[in-house]
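**Student:** Contents of protein-v4.cif (mmCIF, C-alpha atoms and all ligand atoms) are given next:
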```cif
data_work
loop_
_atom_site.label_atom_id
_atom_site.label_comp_id
_atom_site.auth_asym_id
_atom_site.auth_seq_id
_atom_site.Cartn_x
_atom_site.Cartn_y
_atom_site.Cartn_z
CA MET A 22 82.60 103.28 127.96
CA LYS A 23 80.85 101.54 130.85
CA LYS A 24 80.93 97.85 129.97
CA ILE A 25 83.56 95.71 128.30
CA ALA A 26 84.09 91.99 127.78
CA VAL A 27 87.15 89.77 127.51
CA PHE A 28 87.55 86.49 125.63
CA THR A 29 90.25 84.09 124.48
CA SER A 30 90.24 82.74 120.95
CA GLY A 31 92.27 80.38 118.72
CA GLY A 32 94.96 78.10 120.16
CA ASP A 33 95.42 78.54 123.92
CA SER A 34 98.76 79.61 125.36
CA PRO A 35 100.25 79.71 128.85
CA GLY A 36 99.71 83.18 130.31
CA MET A 37 96.24 83.72 128.85
CA ASN A 38 94.82 83.44 132.40
CA ALA A 39 97.22 86.09 133.66
CA CYS A 40 95.99 88.33 130.86
CA ILE A 41 92.29 87.69 131.66
CA ARG A 42 93.05 88.52 135.29
CA ALA A 43 94.76 91.77 134.29
CA VAL A 44 91.86 92.81 132.04
CA VAL A 45 89.28 92.13 134.76
CA ARG A 46 91.23 93.89 137.48
CA ALA A 47 92.15 96.87 135.29
CA ALA A 48 88.49 97.30 134.36
CA ILE A 49 87.43 97.20 138.01
CA TYR A 50 90.25 99.62 138.90
CA HIS A 51 88.90 102.04 136.28
CA LYS A 52 85.33 101.51 137.53
CA ILE A 53 83.88 99.81 134.50
CA GLU A 54 81.89 96.59 134.37
CA VAL A 55 83.57 93.60 132.81
CA TYR A 56 82.15 90.39 131.35
CA GLY A 57 83.80 87.15 130.36
CA ILE A 58 82.79 85.43 127.12
CA ARG A 59 83.38 81.67 127.13
CA ARG A 60 84.72 79.72 124.12
CA GLY A 61 85.70 82.79 122.09
CA PHE A 62 83.46 83.75 119.17
CA GLU A 63 81.46 80.51 119.63
CA GLY A 64 80.34 81.67 123.07
CA MET A 65 79.64 85.16 121.73
CA ILE A 66 77.26 83.62 119.18
CA GLU A 67 75.59 81.41 121.81
CA GLY A 68 75.37 84.13 124.47
CA ASP A 69 77.73 82.36 126.90
CA ILE A 70 78.56 85.61 128.66
CA GLU A 71 78.92 86.18 132.44
CA PRO A 72 79.86 89.18 134.59
CA MET A 73 83.34 88.93 136.11
CA LEU A 74 84.36 90.18 139.53
CA THR A 75 87.76 90.51 141.12
CA GLN A 76 87.28 87.08 142.80
CA SER A 77 86.43 85.48 139.43
CA VAL A 78 90.13 85.75 138.54
CA ALA A 79 91.61 84.85 141.93
CA ASN A 80 94.26 82.10 141.95
CA ILE A 81 94.59 81.86 138.15
CA ILE A 82 97.82 83.77 137.46
CA GLN A 83 99.85 80.54 137.75
CA ARG A 84 97.52 78.34 135.70
CA GLY A 85 98.05 77.31 132.06
CA GLY A 86 95.20 77.11 129.55
CA THR A 87 92.35 79.59 129.75
CA ILE A 88 89.55 79.65 132.33
CA LEU A 89 87.32 81.20 129.64
CA LYS A 90 88.06 78.29 127.28
CA THR A 91 88.73 78.87 123.62
CA ALA A 92 87.56 77.81 120.16
CA ARG A 93 88.10 78.37 116.46
CA SER A 94 84.62 79.37 115.21
CA LYS A 95 83.48 78.64 111.65
CA GLU A 96 80.07 80.23 112.22
CA PHE A 97 81.61 83.57 113.15
CA MET A 98 83.11 83.74 109.65
CA THR A 99 79.58 84.13 108.28
CA PRO A 100 77.57 87.41 108.43
CA ALA A 101 74.70 85.52 110.14
CA GLY A 102 77.06 84.30 112.88
CA ARG A 103 78.40 87.79 113.51
CA LYS A 104 74.87 89.18 113.67
CA LYS A 105 73.97 86.71 116.44
CA ALA A 106 77.17 87.60 118.28
CA TYR A 107 76.43 91.32 118.05
CA LYS A 108 72.86 90.83 119.37
CA ASN A 109 74.26 89.07 122.44
CA LEU A 110 76.78 91.83 123.10
CA GLN A 111 74.00 94.39 122.68
CA LYS A 112 71.79 92.52 125.16
CA HIS A 113 74.43 93.02 127.85
CA GLY A 114 75.26 96.59 126.79
CA ILE A 115 78.85 95.62 125.96
CA GLU A 116 80.60 98.43 124.07
CA GLY A 117 84.19 97.22 123.94
CA LEU A 118 86.09 93.94 123.71
CA VAL A 119 89.51 92.65 124.65
CA CYS A 120 90.39 89.74 122.40
CA ILE A 121 93.28 87.55 123.56
CA GLY A 122 94.40 85.50 120.57
CA GLY A 123 96.23 85.50 117.27
CA ASN A 124 95.77 86.48 113.65
CA GLY A 125 92.43 84.78 113.00
CA SER A 126 90.94 86.22 116.17
CA PHE A 127 91.96 89.78 115.28
CA THR A 128 90.48 89.31 111.79
CA GLY A 129 87.14 88.34 113.36
CA ALA A 130 87.21 91.31 115.73
CA LEU A 131 87.91 93.66 112.82
CA LYS A 132 84.87 92.34 110.94
CA LEU A 133 82.68 92.89 113.99
CA HIS A 134 83.82 96.49 114.18
CA GLU A 135 83.27 97.11 110.46
CA GLU A 136 79.74 95.73 110.59
CA TYR A 137 78.52 96.79 114.05
CA GLY A 138 80.96 99.38 115.42
CA ILE A 139 82.00 97.30 118.44
CA ARG A 140 85.42 98.50 119.60
CA CYS A 141 88.11 95.93 120.11
CA ILE A 142 91.69 95.80 121.34
CA GLY A 143 93.75 92.64 120.88
CA ALA A 144 96.33 91.08 123.17
CA PRO A 145 98.62 88.72 121.21
CA GLY A 146 98.34 85.26 122.69
CA THR A 147 99.99 82.40 120.81
CA ILE A 148 102.97 80.19 121.57
CA ASP A 149 104.19 80.68 117.99
CA ASN A 150 105.34 84.32 118.55
CA ASP A 151 104.41 85.03 114.93
CA LEU A 152 102.51 88.28 115.39
CA TYR A 153 103.82 91.52 113.98
CA GLY A 154 103.85 94.47 116.41
CA THR A 155 105.25 92.82 119.52
CA ASP A 156 108.65 91.37 120.39
CA PHE A 157 106.99 88.48 122.23
CA THR A 158 103.52 86.96 122.35
CA ILE A 159 101.90 85.50 125.46
CA GLY A 160 102.95 81.87 125.90
CA PHE A 161 106.04 81.81 123.69
CA ASP A 162 108.56 81.91 126.54
CA THR A 163 106.82 79.12 128.45
CA ALA A 164 106.53 76.94 125.35
CA VAL A 165 110.24 77.42 124.64
CA ASN A 166 111.16 76.42 128.19
CA THR A 167 108.90 73.36 128.05
CA ALA A 168 110.47 72.23 124.78
CA LEU A 169 113.93 72.92 126.17
CA ASP A 170 113.29 70.73 129.19
CA ALA A 171 112.32 67.92 126.81
CA ILE A 172 115.44 68.41 124.70
CA ASP A 173 117.70 68.26 127.74
CA ARG A 174 116.18 64.87 128.56
CA ILE A 175 116.49 63.65 124.99
CA ARG A 176 120.19 64.62 125.06
CA ASP A 177 120.83 62.12 127.84
CA THR A 178 119.51 59.19 125.85
CA ALA A 179 120.96 60.50 122.56
CA GLU A 180 124.42 60.58 124.07
CA SER A 181 124.09 57.17 125.72
CA HIS A 182 123.20 55.53 122.40
CA ASN A 183 125.28 57.74 120.08
CA ARG A 184 122.10 58.66 118.23
CA THR A 185 120.75 61.49 116.17
CA PHE A 186 117.37 62.85 117.24
CA PHE A 187 115.07 64.99 115.15
CA VAL A 188 112.90 66.92 117.60
CA GLU A 189 109.82 68.58 116.11
CA VAL A 190 108.42 71.64 117.84
CA MET A 191 105.25 73.61 117.08
CA GLY A 192 105.14 76.45 114.60
CA ARG A 193 102.79 75.96 111.68
CA ASP A 194 104.05 78.99 109.76
CA ALA A 195 106.88 80.24 111.93
CA GLY A 196 110.20 79.06 113.29
CA PHE A 197 110.52 81.26 116.38
CA ILE A 198 110.11 78.38 118.83
CA ALA A 199 112.48 76.15 116.86
CA LEU A 200 115.21 78.77 116.64
CA GLN A 201 115.04 79.76 120.30
CA VAL A 202 114.93 76.15 121.49
CA GLY A 203 117.62 75.15 119.03
CA ILE A 204 120.12 77.68 120.34
CA ALA A 205 119.30 77.16 124.00
CA GLY A 206 119.30 73.38 123.55
CA GLY A 207 122.63 73.27 121.70
CA ALA A 208 121.09 71.86 118.52
CA GLU A 209 123.34 70.97 115.62
CA ALA A 210 120.86 72.38 113.13
CA VAL A 211 117.50 74.14 113.08
CA PHE A 212 114.92 73.82 110.29
CA VAL A 213 112.37 76.66 110.03
CA PRO A 214 109.70 77.58 107.45
CA GLU A 215 111.20 81.03 106.88
CA VAL A 216 114.55 79.76 105.57
CA GLU A 217 114.98 77.44 102.59
CA ASN A 218 116.73 74.20 103.39
CA HIS A 219 120.15 73.90 101.78
CA LYS A 220 119.90 71.37 98.93
CA ASP A 221 122.84 69.42 100.37
CA TRP A 222 121.78 69.56 104.01
CA ILE A 223 122.03 65.80 104.51
CA GLU A 224 125.62 65.64 103.33
CA GLN A 225 126.54 68.81 105.16
CA LEU A 226 125.23 67.53 108.45
CA PHE A 227 125.97 63.88 108.31
CA SER A 228 129.35 63.75 106.72
CA LYS A 229 130.42 66.22 109.38
CA ARG A 230 128.76 64.13 112.03
CA LYS A 231 130.67 61.05 110.93
CA ARG A 232 133.88 63.04 111.31
CA LYS A 233 133.33 64.55 114.72
CA LYS A 234 130.03 64.03 116.48
CA SER A 235 128.88 60.91 118.20
CA PHE A 236 125.32 62.15 118.72
CA SER A 237 123.25 65.15 117.76
CA ILE A 238 120.00 66.99 118.27
CA ILE A 239 118.30 68.60 115.29
CA VAL A 240 115.35 70.90 115.96
CA VAL A 241 112.60 71.10 113.34
CA ALA A 242 109.62 73.49 113.20
CA GLU A 243 106.50 71.55 112.19
CA GLY A 244 105.92 73.91 109.24
CA GLU A 245 109.38 73.54 107.64
CA GLU A 246 109.30 73.11 103.85
CA GLU A 247 110.00 69.37 103.49
CA GLY A 248 107.18 68.27 105.81
CA GLY A 249 108.57 67.99 109.33
CA ALA A 250 110.84 65.80 111.44
CA MET A 251 109.55 62.40 110.27
CA ILE A 252 110.28 63.18 106.64
CA LEU A 253 113.70 64.68 107.31
CA ALA A 254 114.71 61.63 109.37
CA GLN A 255 113.49 59.31 106.65
CA LYS A 256 115.56 61.14 104.03
CA VAL A 257 118.68 60.78 106.18
CA LYS A 258 118.11 57.06 106.61
CA GLU A 259 117.61 56.59 102.87
CA LYS A 260 120.92 58.30 102.12
CA TYR A 261 122.94 56.88 105.02
CA PRO A 262 121.34 53.57 106.07
CA GLU A 263 123.96 53.16 108.81
CA ILE A 264 122.47 56.18 110.62
CA ASP A 265 119.37 55.23 112.57
CA PRO A 266 117.79 58.53 113.63
CA ARG A 267 114.96 58.84 116.15
CA VAL A 268 112.11 61.34 115.97
CA THR A 269 110.32 63.03 118.87
CA ILE A 270 107.30 65.23 118.15
CA LEU A 271 106.65 67.41 121.18
CA GLY A 272 103.18 68.54 120.02
CA HIS A 273 100.61 69.97 122.42
CA ILE A 274 102.81 69.44 125.49
CA GLN A 275 104.24 72.82 124.47
CA ARG A 276 100.87 74.53 124.84
CA GLY A 277 100.23 73.53 128.47
CA GLY A 278 101.74 74.10 131.88
CA THR A 279 102.46 76.85 134.35
CA PRO A 280 103.37 80.11 132.63
CA SER A 281 106.89 81.42 133.18
CA SER A 282 107.41 84.66 135.13
CA PHE A 283 108.18 86.34 131.80
CA ASP A 284 104.81 85.31 130.34
CA ARG A 285 102.87 86.28 133.49
CA ILE A 286 104.38 89.76 133.47
CA LEU A 287 103.99 90.18 129.70
CA ALA A 288 100.35 89.07 129.90
CA SER A 289 99.63 91.36 132.86
CA ARG A 290 101.13 94.38 131.08
CA MET A 291 99.21 93.60 127.91
CA GLY A 292 95.89 93.13 129.73
CA VAL A 293 96.13 96.47 131.52
CA ALA A 294 97.32 98.23 128.34
CA ALA A 295 94.38 96.79 126.39
CA VAL A 296 91.78 98.10 128.86
CA GLU A 297 93.44 101.51 129.03
CA ALA A 298 93.56 101.70 125.21
CA LEU A 299 89.80 101.00 125.04
CA LEU A 300 89.19 103.72 127.63
CA LYS A 301 91.18 106.18 125.51
CA GLY A 302 88.84 105.45 122.61
CA GLU A 303 91.23 103.26 120.65
CA THR A 304 89.93 100.40 118.55
CA ASN A 305 91.13 97.76 116.05
CA LYS A 306 94.63 97.71 117.47
CA ALA A 307 96.79 95.07 119.10
CA VAL A 308 98.82 95.89 122.17
CA GLY A 309 102.44 94.83 122.06
CA ILE A 310 105.71 95.24 123.91
CA VAL A 311 108.51 96.49 121.69
CA ASN A 312 111.89 97.28 123.27
CA ASN A 313 110.18 96.97 126.66
CA GLN A 314 107.62 99.70 125.86
CA GLU A 315 103.85 99.19 125.45
CA THR A 316 102.77 99.84 121.85
CA LEU A 317 99.63 99.69 119.71
CA THR A 318 99.62 98.25 116.18
CA PRO A 319 96.62 98.49 113.82
CA PHE A 320 94.94 95.09 113.37
CA GLU A 321 95.47 95.38 109.58
CA ASP A 322 99.26 95.47 110.13
CA ALA A 323 99.27 92.84 112.87
CA ILE A 324 97.36 90.54 110.53
CA SER A 325 99.12 91.16 107.23
CA LEU A 326 102.74 92.03 108.06
CA LYS A 327 105.23 89.29 108.71
CA LYS A 328 107.49 89.32 111.73
CA ASP A 329 110.95 88.33 110.52
CA ILE A 330 112.97 85.60 112.07
CA SER A 331 116.36 86.82 113.29
CA GLN A 332 119.08 86.19 110.71
CA ASN A 333 121.62 86.86 113.48
CA LEU A 334 120.28 83.95 115.50
CA MET A 335 120.27 81.70 112.42
CA ARG A 336 123.92 82.59 111.95
CA LEU A 337 124.60 81.82 115.59
CA VAL A 338 123.40 78.25 115.08
CA LYS A 339 126.01 77.83 112.32
CA ILE A 340 128.83 79.43 114.30
CA LEU A 341 128.13 77.34 117.38
CA ASN A 342 128.32 74.18 115.31
CA VAL A 343 131.70 74.44 113.68
O1 LIG B 401 98.98 78.50 116.61
C1 LIG B 401 99.48 77.78 117.66
C2 LIG B 401 99.59 76.32 117.33
O2 LIG B 401 100.03 75.69 118.52
C3 LIG B 401 100.52 75.97 116.16
O3 LIG B 401 101.87 76.00 116.49
C4 LIG B 401 100.01 74.61 115.79
O4 LIG B 401 100.32 74.29 114.47
C5 LIG B 401 98.54 74.76 115.97
O5 LIG B 401 98.35 75.75 116.96
C6 LIG B 401 97.84 73.49 116.39
O6 LIG B 401 96.49 73.74 116.46
P1 LIG B 401 95.41 72.72 117.07
O7 LIG B 401 95.53 72.79 118.56
O8 LIG B 401 94.11 73.23 116.58
O9 LIG B 401 95.78 71.37 116.57
#
```
What does this structure look like when you write it as structure tokens?
**Tutor:**
Amino acid sequence: MKKIAVFTSGGDSPGMNACIRAVVRAAIYHKIEVYGIRRGFEGMIEGDIEPMLTQSVANIIQRGGTILKTARSKEFMTPAGRKKAYKNLQKHGIEGLVCIGGNGSFTGALKLHEEYGIRCIGAPGTIDNDLYGTDFTIGFDTAVNTALDAIDRIRDTAESHNRTFFVEVMGRDAGFIALQVGIAGGAEAVFVPEVENHKDWIEQLFSKRKRKKSFSIIVVAEGEEEGGAMILAQKVKEKYPEIDPRVTILGHIQRGGTPSSFDRILASRMGVAAVEALLKGETNKAVGIVNNQETLTPFEDAISLKKDISQNLMRLVKILNV
């Protein structure tokens, strides 16, 4: 393999730049040419492809977002879109890809391999941490710390006013951010999509609150079953009109900012591992770090298997809120 390309795809996450840097430098270290594809599969279709040198990735390890930009491409889901993308890769002689992204991105890469034989290794980049085959995804740790910083601030005002706050964090299908932030932020309860809400949750939380707590923080994953923080707060107010909860939706703030040291190191390890896997002839696999060891997981598993939320941590939330 003489030429590879790297791209970022799907939602961005802090640490993607550190991963791009690692891919470029590992390729140069192993004496292969490396290209950058801008705007994920969109750029592949439009031929937005440039050679990358060691200086192209200078001074980016500390930056959030992705210098290559990212997109969610509808056209790439069609055979005609993939054909255009393949032609552009062929034009540059690109034989292998490193795809930094999540589920949808790995699905696209798999299709490209099935139809045109282009080899691809994935590096899991999403703040949601919902990819099977790795303990942590790039950006999760930073997003958790960003949300935690917000919660610490909300605590100050919650305590001053004796108020309950519902804080909604990202996680369309997964509660990893909510659970982590909930424990670290001393939340009274955590609502996640993976666990059914108790049918009496309002009574359980708010009769107890009336007894002992003057204020509280409740962390809610956006994808929880009842529809998110706004709806939960509304239900509380309907049942106990004397409680006047506030809602804060942290949203895309969680996706930006300087990556933590954990994410920079994770992303650097994954970038180098991805290039070295391609050089060993591997394809259609996602790199991961499991128990601090680099691993490879077939795309089919990374896409279809569900990473479980920790029941131990869910239990911890309960114990810490007696
Ligand atoms: O997948 C990461 C994620 O941040 C989810 O947590 C969130 O639901 C989604 O992306 C938001 O996507 P968009 O930026 O397209 O609104």
**Student:** List the neighbours of stretch 63-71 of chain A out to 8 Å using only C-alpha atoms; skip same-chain residues closer than 4 positions along the sequence, and give me the result as a list in words.
**Tutor:**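 Listing them by chain and then by number gives Tyr56, Gly57, Ile58, Arg59, Ala92, Arg93, Ser94, Glu96, Phe97, Gly102, Arg103, Lys105, Ala106, Tyr107, Asn109 and Leu110 of chain A.
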**Student:** Dump C-alpha atoms for the selected residues as a PDB file, keeping the file's coordinate frame?
**Tutor:**
```pdb
ATOM      1  CA  TYR A  56      82.150  90.390 131.350  1.00  0.00           C
ATOM      2  CA  GLY A  57      83.800  87.150 130.360  1.00  0.00           C
ATOM      3  CA  ILE A  58      82.790  85.430 127.120  1.00  0.00           C
ATOM      4  CA  ARG A  59      83.380  81.670 127.130  1.00  0.00           C
ATOM      5  CA  ALA A  92      87.560  77.810 120.160  1.00  0.00           C
ATOM      6  CA  ARG A  93      88.100  78.370 116.460  1.00  0.00           C
ATOM      7  CA  SER A  94      84.620  79.370 115.210  1.00  0.00           C
ATOM      8  CA  GLU A  96      80.070  80.230 112.220  1.00  0.00           C
ATOM      9  CA  PHE A  97      81.610  83.570 113.150  1.00  0.00           C
ATOM     10  CA  GLY A 102      77.060  84.300 112.880  1.00  0.00           C
ATOM     11  CA  ARG A 103      78.400  87.790 113.510  1.00  0.00           C
ATOM     12  CA  LYS A 105      73.970  86.710 116.440  1.00  0.00           C
ATOM     13  CA  ALA A 106      77.170  87.600 118.280  1.00  0.00           C
ATOM     14  CA  TYR A 107      76.430  91.320 118.050  1.00  0.00           C
ATOM     15  CA  ASN A 109      74.260  89.070 122.440  1.00  0.00           C
ATOM     16  CA  LEU A 110      76.780  91.830 123.100  1.00  0.00           C
TER      17      LEU A 110
END
```
**Student:** When the cut-off is 7 Å and you count only C-alpha atoms and all ligand atoms, which residues lie near ligand LIG 401 (chain B), shown as a PyMOL selection string?
**Tutor:** chain A and resi 32+147-149+191-193+273+276
**Student:** Between atom CA of A:Thr29 and atom CA of A:Ile121, what distance in Å does the model show, to one decimal?
**Tutor:** 4.7 Å
**Student:** When distances are computed from only C-alpha atoms, which of A:Leu169, A:Ala294, A:Ala144, A:Val211 shows the smallest separation from A:Gln275?
**Tutor:** A:Leu169
**Student:** In Å, rounded to a single decimal, give me how far atom CA of A:Ile175 is from atom CA of A:Lys256.
**Tutor:**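 Atom CA of A:Ile175 lies at a distance of 21.1 Å from atom CA of A:Lys256.
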**Student:** Using 9 Å as the limit and counting only C-alpha atoms, can you tabulate each residue of stretch 114-197 of chain A that touches stretch 324-338 of chain A, with its shortest atom-to-atom distance in Å and the two atoms involved, as JSON lines?
**Tutor:**
```
{"residue": "A:Gly123", "atom": "CA", "partner": "A:Ile324", "partner_atom": "CA", "distance": 8.5}
{"residue": "A:Asn124", "atom": "CA", "partner": "A:Ile324", "partner_atom": "CA", "distance": 5.4}
{"residue": "A:Gly125", "atom": "CA", "partner": "A:Ile324", "partner_atom": "CA", "distance": 8.0}
{"residue": "A:Phe127", "atom": "CA", "partner": "A:Ile324", "partner_atom": "CA", "distance": 7.2}
{"residue": "A:Thr128", "atom": "CA", "partner": "A:Ile324", "partner_atom": "CA", "distance": 7.1}
{"residue": "A:Asn150", "atom": "CA", "partner": "A:Lys328", "partner_atom": "CA", "distance": 8.7}
{"residue": "A:Asp151", "atom": "CA", "partner": "A:Lys328", "partner_atom": "CA", "distance": 6.2}
{"residue": "A:Leu152", "atom": "CA", "partner": "A:Lys328", "partner_atom": "CA", "distance": 6.3}
{"residue": "A:Tyr153", "atom": "CA", "partner": "A:Lys328", "partner_atom": "CA", "distance": 4.8}
{"residue": "A:Gly154", "atom": "CA", "partner": "A:Lys328", "partner_atom": "CA", "distance": 7.9}
{"residue": "A:Thr155", "atom": "CA", "partner": "A:Lys328", "partner_atom": "CA", "distance": 8.8}
{"residue": "A:Asp156", "atom": "CA", "partner": "A:Lys328", "partner_atom": "CA", "distance": 9.0}
{"residue": "A:Ala195", "atom": "CA", "partner": "A:Ile330", "partner_atom": "CA", "distance": 8.1}
{"residue": "A:Gly196", "atom": "CA", "partner": "A:Ile330", "partner_atom": "CA", "distance": 7.2}
{"residue": "A:Phe197", "atom": "CA", "partner": "A:Ile330", "partner_atom": "CA", "distance": 6.6}
```
**Student:** Provide the atom CA of A:Ala210 to atom CA of A:Ser237 distance in Å, to one decimal place.
**Tutor:**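 If I compute the distance from atom CA of A:Ala210 to atom CA of A:Ser237, I get 8.9 Å.
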**Student:** Taking (104.9, 74.3, 127.3) in the file's own coordinates, collect the residues within 10 Å, counting all atoms listed in the file, and hand them back as a ChimeraX atom specification.
**Tutor:** /A:34-35,85,148,160-171,271-281
**Student:** Once you have the residues from the selection above, write them out as a PDB file, keeping the file's coordinate frame, restricted to C-alpha atoms.
**Tutor:**
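Result file is part-v6.pdb:
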```
ATOM      1  CA  SER A  34      98.760  79.610 125.360  1.00  0.00           C
ATOM      2  CA  PRO A  35     100.250  79.710 128.850  1.00  0.00           C
ATOM      3  CA  GLY A  85      98.050  77.310 132.060  1.00  0.00           C
ATOM      4  CA  ILE A 148     102.970  80.190 121.570  1.00  0.00           C
ATOM      5  CA  GLY A 160     102.950  81.870 125.900  1.00  0.00           C
ATOM      6  CA  PHE A 161     106.040  81.810 123.690  1.00  0.00           C
ATOM      7  CA  ASP A 162     108.560  81.910 126.540  1.00  0.00           C
ATOM      8  CA  THR A 163     106.820  79.120 128.450  1.00  0.00           C
ATOM      9  CA  ALA A 164     106.530  76.940 125.350  1.00  0.00           C
ATOM     10  CA  VAL A 165     110.240  77.420 124.640  1.00  0.00           C
ATOM     11  CA  ASN A 166     111.160  76.420 128.190  1.00  0.00           C
ATOM     12  CA  THR A 167     108.900  73.360 128.050  1.00  0.00           C
ATOM     13  CA  ALA A 168     110.470  72.230 124.780  1.00  0.00           C
ATOM     14  CA  LEU A 169     113.930  72.920 126.170  1.00  0.00           C
ATOM     15  CA  ASP A 170     113.290  70.730 129.190  1.00  0.00           C
ATOM     16  CA  ALA A 171     112.320  67.920 126.810  1.00  0.00           C
ATOM     17  CA  LEU A 271     106.650  67.410 121.180  1.00  0.00           C
ATOM     18  CA  GLY A 272     103.180  68.540 120.020  1.00  0.00           C
ATOM     19  CA  HIS A 273     100.610  69.970 122.420  1.00  0.00           C
ATOM     20  CA  ILE A 274     102.810  69.440 125.490  1.00  0.00           C
ATOM     21  CA  GLN A 275     104.240  72.820 124.470  1.00  0.00           C
ATOM     22  CA  ARG A 276     100.870  74.530 124.840  1.00  0.00           C
ATOM     23  CA  GLY A 277     100.230  73.530 128.470  1.00  0.00           C
ATOM     24  CA  GLY A 278     101.740  74.100 131.880  1.00  0.00           C
ATOM     25  CA  THR A 279     102.460  76.850 134.350  1.00  0.00           C
ATOM     26  CA  PRO A 280     103.370  80.110 132.630  1.00  0.00           C
ATOM     27  CA  SER A 281     106.890  81.420 133.180  1.00  0.00           C
TER      28      SER A 281
END
```
**Student:** Counting only C-alpha atoms, figure out which residue out of A:Val257, A:Ala26, A:Met37, A:Ile204 gets nearest to A:Arg84.
**Tutor:** A:Met37
